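Asks: Input data-v2.tsv, format and content: TSV, N, CA and C atoms.
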```tsv
chain	number	residue	atom	x	y	z
A	41	MET	N	4.79	4.13	20.03
A	41	MET	CA	4.04	3.98	18.82
A	41	MET	C	3.17	2.72	18.95
A	42	THR	N	1.92	2.86	18.62
A	42	THR	CA	1.01	1.71	18.61
A	42	THR	C	0.48	1.55	17.20
A	43	SER	N	0.45	0.32	16.73
A	43	SER	CA	-0.01	0.05	15.38
A	43	SER	C	-1.01	-1.09	15.40
A	44	GLY	N	-2.09	-0.95	14.65
A	44	GLY	CA	-3.06	-2.03	14.51
A	44	GLY	C	-2.62	-2.99	13.43
A	45	VAL	N	-2.60	-4.25	13.75
A	45	VAL	CA	-2.23	-5.29	12.81
A	45	VAL	C	-3.26	-6.40	12.92
A	46	GLU	N	-3.13	-7.42	12.09
A	46	GLU	CA	-4.04	-8.56	12.14
A	46	GLU	C	-3.24	-9.82	12.40
A	47	ASP	N	-3.85	-10.77	13.14
A	47	ASP	CA	-3.20	-12.07	13.30
A	47	ASP	C	-3.52	-12.93	12.09
A	48	ARG	N	-3.07	-14.16	12.07
A	48	ARG	CA	-3.25	-15.02	10.89
A	48	ARG	C	-4.71	-15.29	10.56
A	49	GLU	N	-5.58	-15.19	11.56
A	49	GLU	CA	-7.01	-15.42	11.33
A	49	GLU	C	-7.74	-14.13	10.97
A	50	GLY	N	-7.01	-13.02	10.85
A	50	GLY	CA	-7.62	-11.76	10.46
A	50	GLY	C	-8.20	-10.97	11.63
A	51	ARG	N	-7.94	-11.41	12.86
A	51	ARG	CA	-8.43	-10.67	14.04
A	51	ARG	C	-7.48	-9.52	14.35
A	52	VAL	N	-8.04	-8.44	14.85
A	52	VAL	CA	-7.24	-7.25	15.16
A	52	VAL	C	-6.31	-7.53	16.34
A	53	ALA	N	-5.08	-7.12	16.19
A	53	ALA	CA	-4.08	-7.21	17.25
A	53	ALA	C	-3.38	-5.86	17.33
A	54	THR	N	-2.58	-5.66	18.38
A	54	THR	CA	-1.84	-4.41	18.49
A	54	THR	C	-0.36	-4.70	18.65
A	55	LEU	N	0.43	-3.79	18.15
A	55	LEU	CA	1.88	-3.85	18.28
A	55	LEU	C	2.31	-2.51	18.84
A	56	GLU	N	2.94	-2.54	20.01
A	56	GLU	CA	3.41	-1.32	20.66
A	56	GLU	C	4.92	-1.34	20.73
A	57	VAL	N	5.54	-0.22	20.37
A	57	VAL	CA	6.99	-0.09	20.42
A	57	VAL	C	7.28	1.23	21.14
A	58	ALA	N	8.14	1.16	22.17
A	58	ALA	CA	8.46	2.36	22.94
A	58	ALA	C	9.81	2.18	23.62
A	59	PRO	N	10.47	3.30	23.96
A	59	PRO	CA	11.71	3.20	24.73
A	59	PRO	C	11.43	2.48	26.05
A	60	ALA	N	12.39	1.65	26.46
A	60	ALA	CA	12.29	0.93	27.73
A	60	ALA	C	13.64	1.03	28.42
A	61	GLY	N	13.83	2.09	29.16
A	61	GLY	CA	15.14	2.34	29.76
A	61	GLY	C	16.15	2.61	28.67
A	62	THR	N	17.22	1.82	28.64
A	62	THR	CA	18.23	2.00	27.59
A	62	THR	C	17.95	1.09	26.40
A	63	GLY	N	16.82	0.39	26.43
A	63	GLY	CA	16.45	-0.52	25.35
A	63	GLY	C	15.18	-0.08	24.65
A	64	VAL	N	14.67	-0.96	23.85
A	64	VAL	CA	13.43	-0.73	23.11
A	64	VAL	C	12.45	-1.83	23.50
A	65	GLY	N	11.28	-1.44	23.98
A	65	GLY	CA	10.26	-2.40	24.35
A	65	GLY	C	9.31	-2.66	23.20
A	66	ILE	N	9.00	-3.92	22.99
A	66	ILE	CA	8.08	-4.32	21.92
A	66	ILE	C	7.03	-5.23	22.55
A	67	ARG	N	5.75	-4.86	22.38
A	67	ARG	CA	4.68	-5.69	22.93
A	67	ARG	C	3.66	-5.97	21.84
A	68	ALA	N	3.40	-7.24	21.61
A	68	ALA	CA	2.38	-7.67	20.65
A	68	ALA	C	1.26	-8.30	21.45
A	69	ALA	N	0.03	-7.85	21.21
A	69	ALA	CA	-1.12	-8.38	21.94
A	69	ALA	C	-2.23	-8.74	20.96
A	70	ALA	N	-2.75	-9.96	21.12
A	70	ALA	CA	-3.87	-10.45	20.31
A	70	ALA	C	-4.75	-11.28	21.22
A	71	LEU	N	-5.91	-11.69	20.71
A	71	LEU	CA	-6.80	-12.54	21.50
A	71	LEU	C	-6.11	-13.82	21.94
A	72	SER	N	-5.17	-14.30	21.11
A	72	SER	CA	-4.48	-15.55	21.42
A	72	SER	C	-3.41	-15.39	22.49
A	73	GLY	N	-3.06	-14.16	22.86
A	73	GLY	CA	-2.06	-13.96	23.90
A	73	GLY	C	-1.24	-12.72	23.67
A	74	GLU	N	-0.19	-12.60	24.47
A	74	GLU	CA	0.64	-11.41	24.44
A	74	GLU	C	2.11	-11.81	24.50
A	75	LEU	N	2.94	-11.04	23.82
A	75	LEU	CA	4.38	-11.27	23.83
A	75	LEU	C	5.05	-9.93	24.08
A	76	SER	N	5.93	-9.87	25.08
A	76	SER	CA	6.67	-8.65	25.38
A	76	SER	C	8.15	-8.92	25.30
A	77	LEU	N	8.87	-8.03	24.64
A	77	LEU	CA	10.32	-8.16	24.47
A	77	LEU	C	10.98	-6.82	24.78
A	78	VAL	N	12.23	-6.87	25.18
A	78	VAL	CA	13.06	-5.68	25.29
A	78	VAL	C	14.36	-6.01	24.58
A	79	CYS	N	14.78	-5.12	23.69
A	79	CYS	CA	16.02	-5.35	22.95
A	79	CYS	C	16.86	-4.08	22.93
A	80	THR	N	18.10	-4.23	22.53
A	80	THR	CA	18.99	-3.07	22.44
A	80	THR	C	18.56	-2.22	21.24
A	81	PRO	N	18.97	-0.96	21.23
A	81	PRO	CA	18.67	-0.13	20.05
A	81	PRO	C	19.24	-0.74	18.76
A	82	ALA	N	20.42	-1.35	18.84
A	82	ALA	CA	21.01	-1.98	17.65
A	82	ALA	C	20.13	-3.11	17.14
A	83	ARG	N	19.62	-3.96	18.03
A	83	ARG	CA	18.73	-5.05	17.64
A	83	ARG	C	17.42	-4.49	17.09
A	84	ALA	N	16.94	-3.40	17.67
A	84	ALA	CA	15.71	-2.78	17.16
A	84	ALA	C	15.91	-2.29	15.73
A	85	ARG	N	17.08	-1.73	15.45
A	85	ARG	CA	17.38	-1.28	14.08
A	85	ARG	C	17.45	-2.48	13.13
A	86	GLU	N	18.04	-3.59	13.58
A	86	GLU	CA	18.09	-4.80	12.76
A	86	GLU	C	16.68	-5.30	12.47
A	87	LEU	N	15.81	-5.28	13.49
A	87	LEU	CA	14.42	-5.69	13.30
A	87	LEU	C	13.72	-4.78	12.31
A	88	ALA	N	13.93	-3.47	12.45
A	88	ALA	CA	13.32	-2.51	11.53
A	88	ALA	C	13.80	-2.75	10.10
A	89	ALA	N	15.09	-3.00	9.93
A	89	ALA	CA	15.63	-3.27	8.60
A	89	ALA	C	15.05	-4.55	8.01
A	90	ALA	N	14.88	-5.57	8.86
A	90	ALA	CA	14.29	-6.83	8.38
A	90	ALA	C	12.84	-6.62	7.97
A	91	LEU	N	12.10	-5.79	8.72
A	91	LEU	CA	10.71	-5.50	8.35
A	91	LEU	C	10.63	-4.74	7.03
A	92	VAL	N	11.51	-3.77	6.85
A	92	VAL	CA	11.53	-3.01	5.59
A	92	VAL	C	11.85	-3.94	4.42
A	93	LEU	N	12.83	-4.82	4.59
A	93	LEU	CA	13.20	-5.75	3.53
A	93	LEU	C	12.03	-6.69	3.19
A	94	ALA	N	11.37	-7.21	4.23
A	94	ALA	CA	10.22	-8.09	4.00
A	94	ALA	C	9.09	-7.34	3.30
A	95	ALA	N	8.86	-6.08	3.70
A	95	ALA	CA	7.81	-5.29	3.05
A	95	ALA	C	8.14	-5.04	1.59
A	96	ASP	N	9.41	-4.72	1.30
A	96	ASP	CA	9.83	-4.51	-0.09
A	96	ASP	C	9.62	-5.76	-0.92
A	97	ARG	N	9.98	-6.92	-0.36
A	97	ARG	CA	9.81	-8.18	-1.10
A	97	ARG	C	8.34	-8.50	-1.32
A	98	ALA	N	7.50	-8.25	-0.30
A	98	ALA	CA	6.07	-8.50	-0.44
A	98	ALA	C	5.46	-7.59	-1.50
A	99	GLU	N	5.86	-6.32	-1.51
A	99	GLU	CA	5.35	-5.40	-2.52
A	99	GLU	C	5.83	-5.79	-3.91
A	100	ALA	N	7.07	-6.23	-4.03
A	100	ALA	CA	7.60	-6.65	-5.33
A	100	ALA	C	6.84	-7.87	-5.84
A	101	ALA	N	6.55	-8.81	-4.96
A	101	ALA	CA	5.80	-10.01	-5.36
A	101	ALA	C	4.38	-9.62	-5.76
A	102	ALA	N	3.77	-8.70	-5.01
A	102	ALA	CA	2.42	-8.27	-5.32
A	102	ALA	C	2.39	-7.47	-6.62
A	103	ALA	N	3.48	-6.75	-6.90
A	103	ALA	CA	3.53	-5.93	-8.11
A	103	ALA	C	3.54	-6.77	-9.38
A	104	SER	N	3.93	-8.03	-9.27
A	104	SER	CA	3.97	-8.87	-10.46
A	104	SER	C	2.57	-9.36	-10.85
A	105	GLU	N	1.62	-9.25	-9.96
A	105	GLU	CA	0.24	-9.64	-10.23
A	105	GLU	C	-0.63	-8.39	-10.36
A	106	PRO	N	-1.36	-8.24	-11.47
A	106	PRO	CA	-2.25	-7.08	-11.58
A	106	PRO	C	-3.30	-7.09	-10.47
A	107	VAL	N	-3.72	-5.90	-10.08
A	107	VAL	CA	-4.73	-5.74	-9.05
A	107	VAL	C	-5.81	-4.81	-9.59
A	108	ALA	N	-7.07	-5.09	-9.28
A	108	ALA	CA	-8.17	-4.22	-9.70
A	108	ALA	C	-8.62	-3.38	-8.51
A	109	VAL	N	-8.76	-2.07	-8.74
A	109	VAL	CA	-9.27	-1.17	-7.72
A	109	VAL	C	-10.41	-0.36	-8.31
A	110	ARG	N	-11.26	0.16	-7.47
A	110	ARG	CA	-12.34	1.04	-7.91
A	110	ARG	C	-11.73	2.38	-8.32
A	111	ALA	N	-12.32	3.04	-9.28
A	111	ALA	CA	-11.79	4.32	-9.76
A	111	ALA	C	-11.61	5.30	-8.61
A	112	ARG	N	-12.53	5.30	-7.65
A	112	ARG	CA	-12.44	6.24	-6.52
A	112	ARG	C	-11.23	5.95	-5.62
A	113	GLU	N	-10.61	4.75	-5.75
A	113	GLU	CA	-9.48	4.37	-4.92
A	113	GLU	C	-8.14	4.62	-5.60
A	114	LEU	N	-8.17	5.10	-6.85
A	114	LEU	CA	-6.92	5.38	-7.55
A	114	LEU	C	-6.15	6.47	-6.83
A	115	ARG	N	-4.82	6.41	-6.92
A	115	ARG	CA	-4.00	7.44	-6.32
A	115	ARG	C	-2.80	7.73	-7.22
A	116	ARG	N	-2.23	8.89	-7.03
A	116	ARG	CA	-1.09	9.33	-7.85
A	116	ARG	C	0.01	8.26	-7.82
A	117	GLY	N	0.54	7.93	-9.00
A	117	GLY	CA	1.61	6.95	-9.11
A	117	GLY	C	1.15	5.56	-9.50
A	118	ASP	N	-0.17	5.28	-9.41
A	118	ASP	CA	-0.68	3.98	-9.84
A	118	ASP	C	-0.42	3.82	-11.33
A	119	VAL	N	-0.08	2.61	-11.75
A	119	VAL	CA	0.23	2.34	-13.16
A	119	VAL	C	-0.79	1.36	-13.70
A	120	ARG	N	-1.47	1.75	-14.77
A	120	ARG	CA	-2.51	0.92	-15.36
A	120	ARG	C	-1.91	-0.24	-16.13
A	121	ASP	N	-2.55	-1.40	-16.02
A	121	ASP	CA	-2.11	-2.59	-16.74
A	121	ASP	C	-2.61	-2.50	-18.17
A	122	GLY	N	-1.80	-2.91	-19.11
A	122	GLY	CA	-2.20	-2.88	-20.51
A	122	GLY	C	-0.99	-2.81	-21.41
A	123	ASP	N	-1.25	-2.61	-22.72
A	123	ASP	CA	-0.17	-2.56	-23.70
A	123	ASP	C	0.71	-1.32	-23.53
A	124	ARG	N	0.07	-0.19	-23.18
A	124	ARG	CA	0.81	1.06	-22.99
A	124	ARG	C	0.87	1.38	-21.51
A	125	VAL	N	2.00	1.91	-21.07
A	125	VAL	CA	2.15	2.30	-19.67
A	125	VAL	C	1.46	3.65	-19.48
A	126	MET	N	0.51	3.68	-18.55
A	126	MET	CA	-0.20	4.91	-18.20
A	126	MET	C	-0.14	5.05	-16.69
A	127	THR	N	0.30	6.22	-16.22
A	127	THR	CA	0.47	6.46	-14.80
A	127	THR	C	-0.50	7.53	-14.34
A	128	VAL	N	-1.11	7.31	-13.18
A	128	VAL	CA	-2.05	8.30	-12.62
A	128	VAL	C	-1.25	9.50	-12.15
A	129	GLU	N	-1.62	10.66	-12.67
A	129	GLU	CA	-1.01	11.92	-12.27
A	129	GLU	C	-1.87	12.62	-11.21
A	130	ALA	N	-3.20	12.54	-11.37
A	130	ALA	CA	-4.11	13.20	-10.42
A	130	ALA	C	-5.47	12.52	-10.47
A	131	VAL	N	-6.20	12.59	-9.37
A	131	VAL	CA	-7.55	12.02	-9.27
A	131	VAL	C	-8.44	13.07	-8.61
A	132	ARG	N	-9.62	13.31	-9.23
A	132	ARG	CA	-10.56	14.27	-8.67
A	132	ARG	C	-11.95	13.68	-8.75
A	133	ALA	N	-12.64	13.61	-7.62
A	133	ALA	CA	-14.00	13.07	-7.58
A	133	ALA	C	-14.99	14.21	-7.72
A	134	ALA	N	-16.04	13.95	-8.52
A	134	ALA	CA	-17.14	14.91	-8.70
A	134	ALA	C	-18.43	14.10	-8.66
A	135	GLY	N	-19.00	13.93	-7.48
A	135	GLY	CA	-20.19	13.10	-7.34
A	135	GLY	C	-19.86	11.64	-7.59
A	136	ASP	N	-20.60	11.02	-8.52
A	136	ASP	CA	-20.38	9.61	-8.85
A	136	ASP	C	-19.36	9.42	-9.96
A	137	THR	N	-18.71	10.50	-10.38
A	137	THR	CA	-17.71	10.43	-11.44
A	137	THR	C	-16.33	10.76	-10.87
A	138	VAL	N	-15.35	10.02	-11.32
A	138	VAL	CA	-13.96	10.27	-10.93
A	138	VAL	C	-13.20	10.68	-12.17
A	139	HIS	N	-12.54	11.83	-12.12
A	139	HIS	CA	-11.74	12.32	-13.24
A	139	HIS	C	-10.28	11.98	-12.95
A	140	VAL	N	-9.69	11.17	-13.82
A	140	VAL	CA	-8.32	10.72	-13.64
A	140	VAL	C	-7.45	11.33	-14.73
A	141	THR	N	-6.38	11.98	-14.31
A	141	THR	CA	-5.40	12.50	-15.26
A	141	THR	C	-4.27	11.49	-15.37
A	142	TRP	N	-4.07	11.01	-16.59
A	142	TRP	CA	-3.06	10.00	-16.88
A	142	TRP	C	-1.90	10.65	-17.61
A	143	THR	N	-0.70	10.08	-17.46
A	143	THR	CA	0.44	10.46	-18.29
A	143	THR	C	1.01	9.18	-18.89
A	144	SER	N	1.50	9.30	-20.12
A	144	SER	CA	2.09	8.15	-20.81
A	144	SER	C	3.60	8.23	-20.74
A	145	ASP	N	4.26	7.13	-21.09
A	145	ASP	CA	5.72	7.12	-21.15
A	145	ASP	C	6.22	8.12	-22.19
A	146	ALA	N	5.39	8.40	-23.19
A	146	ALA	CA	5.78	9.33	-24.25
A	146	ALA	C	5.63	10.79	-23.81
A	147	GLY	N	5.11	11.00	-22.58
A	147	GLY	CA	4.97	12.36	-22.06
A	147	GLY	C	3.63	13.00	-22.32
A	148	ARG	N	2.71	12.28	-22.95
A	148	ARG	CA	1.37	12.84	-23.18
A	148	ARG	C	0.55	12.77	-21.91
A	149	SER	N	-0.39	13.69	-21.76
A	149	SER	CA	-1.24	13.74	-20.58
A	149	SER	C	-2.68	13.96	-21.01
A	150	TRP	N	-3.64	13.30	-20.37
A	150	TRP	CA	-5.05	13.47	-20.68
A	150	TRP	C	-5.86	13.12	-19.45
A	151	THR	N	-7.10	13.61	-19.43
A	151	THR	CA	-8.01	13.34	-18.32
A	151	THR	C	-9.18	12.53	-18.84
A	152	GLN	N	-9.55	11.52	-18.08
A	152	GLN	CA	-10.64	10.62	-18.46
A	152	GLN	C	-11.58	10.48	-17.27
A	153	GLY	N	-12.89	10.44	-17.56
A	153	GLY	CA	-13.89	10.27	-16.50
A	153	GLY	C	-14.34	8.83	-16.38
A	154	TYR	N	-14.52	8.36	-15.14
A	154	TYR	CA	-14.96	6.99	-14.85
A	154	TYR	C	-16.07	7.04	-13.83
A	155	ASP	N	-16.95	6.05	-13.88
A	155	ASP	CA	-17.89	5.84	-12.80
A	155	ASP	C	-17.05	5.54	-11.56
A	156	ALA	N	-17.43	6.07	-10.41
A	156	ALA	CA	-16.63	5.90	-9.19
A	156	ALA	C	-16.41	4.43	-8.83
A	157	ASP	N	-17.35	3.54	-9.22
A	157	ASP	CA	-17.23	2.13	-8.89
A	157	ASP	C	-16.59	1.30	-10.00
A	158	ALA	N	-16.17	1.94	-11.09
A	158	ALA	CA	-15.57	1.20	-12.21
A	158	ALA	C	-14.28	0.53	-11.74
A	159	ALA	N	-14.08	-0.72	-12.15
A	159	ALA	CA	-12.86	-1.46	-11.80
A	159	ALA	C	-11.76	-1.08	-12.77
A	160	ILE	N	-10.63	-0.64	-12.24
A	160	ILE	CA	-9.47	-0.27	-13.04
A	160	ILE	C	-8.37	-1.27	-12.68
A	161	VAL	N	-7.84	-1.96	-13.69
A	161	VAL	CA	-6.80	-2.97	-13.45
A	161	VAL	C	-5.44	-2.27	-13.48
A	162	LEU	N	-4.69	-2.44	-12.39
A	162	LEU	CA	-3.38	-1.80	-12.26
A	162	LEU	C	-2.26	-2.82	-12.35
A	163	ARG	N	-1.18	-2.39	-12.93
A	163	ARG	CA	0.04	-3.19	-12.98
A	163	ARG	C	0.73	-3.13	-11.62
A	164	ARG	N	0.71	-1.91	-11.03
A	164	ARG	CA	1.29	-1.75	-9.69
A	164	ARG	C	0.72	-0.50	-9.04
A	165	ARG	N	0.76	-0.52	-7.72
A	165	ARG	CA	0.30	0.64	-6.93
A	165	ARG	C	1.43	1.62	-6.78
A	166	GLY	N	1.10	2.91	-6.79
A	166	GLY	CA	2.10	3.97	-6.66
A	166	GLY	C	2.58	4.13	-5.25
```
In structure tokens, write the structure found in this file.
Replies:
Amino acid sequence: MTSGVEDREGRVATLEVAPAGTGVGIRAAALSGELSLVCTPARARELAAALVLAADRAEAAAASEPVAVRARELRRGDVRDGDRVMTVEAVRAAGDTVHVTWTSDAGRSWTQGYDADAAIVLRRRG
């Protein structure tokens, strides 16, 4: 598996993970250099669990701050920031207009049209 990531300066780097004999090989390469490791499958699982935990914590921290996205970037499960909880059920683009179907906590559903570039403030991403 190869994944594109960024270094601290925002430059593209690569992370490769593949079986290496009875272990797991991990290679990180960026303009600043390269790091290659081989670990046991158990250590690889520990690393994967640590990455999942860090990702969950980062998402939870980000979820506490509202984020603005363009209407065309909305996706199912996004929750709008505001007095009432509104969740995106569906998004359909028609030219420069985006039709968003919202559902409320009370179970009501409605569709609203937005300019594709309109900024929609979200409480959290779905």
Asks: Please return as a ChimeraX atom specification: the residues of chain A that backbone DSSP assigns to strand (DSSP E or B).
Replies: /A:42-46,52-60,63-70,73-79,107-110,119-120,126-134,137-144,149-155,159-164
Asks: What does the structure give for the distance between atom N of Arg163 in chain A and CA of Ser43 in chain A, in Å to one decimal?
Replies: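 Going from atom N of Arg163 in chain A over to CA of Ser43 in chain A, I get 28.4 Å.
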Asks: Extract, using only N, CA and C atoms, all DNA, RNA and protein residues at most 6 Å from range 111-125 of chain A, discarding same-chain residues fewer than 3 positions from it, and format them as an NGL selection string.
Replies: :A and (128-131 or 138 or 143-145 or 155-166)
Asks: Any idea what the distance is between atom N of Ala53 in chain A and atom C of Ala70 in chain A?
Replies: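 Spanning atom N of Ala53 in chain A to atom C of Ala70 in chain A is a straight-line distance of 6.5 Å.
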Asks: Could you work out how far CA of Ala84 in chain A lies from CA of Gly50 in chain A, giving the answer in Å with one decimal?
Replies: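 Taking CA of Gly50 in chain A and CA of Ala84 in chain A, their separation equals 25.9 Å.
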Asks: Enumerate the residues of range 88-159 of chain A with a DSSP assignment of helix (DSSP H, G or I), computed from the backbone, and present them as a ChimeraX atom specification.
Replies: /A:88-103,111-113
Asks: Please provide as a list in words all residues within 6.5 Å of Gly153 in chain A, with the sequence filter that same-chain residues fewer than 4 positions apart are discarded (counting only N, CA and C atoms).
Replies: Thr137, Val138, His139 and Val140 of chain A
Asks: Rank nothing, just name the residue among A:Ala98, A:Thr62, A:Ala69, A:Met126 nearest to Ala82 in chain A, using only C-alpha atoms.
Replies: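 Using only C-alpha atoms, Ala82 in chain A sits closest to A:Thr62.
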Asks: Please list as number ranges by chain every residue within 8 Å of Pro81 in chain A, counting all atoms listed in the file and excluding residues in the same chain fewer than 3 positions away.
Replies: A: 62-64, 78, 84-87
Asks: For Met41 in chain A, list every protein, DNA or RNA residue within 7 Å, evaluated using only N, CA and C atoms, and leave out those in the same chain fewer than 2 positions away; present the list as a ChimeraX atom specification.
Replies: /A:43,55-59
Asks: Give me the box for range 58-68 of chain A as JSON, namely the centre and edge lengths in Å to one decimal of a box along x, y and z that holds every listed atom plus 3 Å on each side.
Replies:
```
{"center_x": 9.7, "center_y": -2.5, "center_z": 25.2, "size_x": 23.0, "size_y": 17.6, "size_z": 15.1}
```
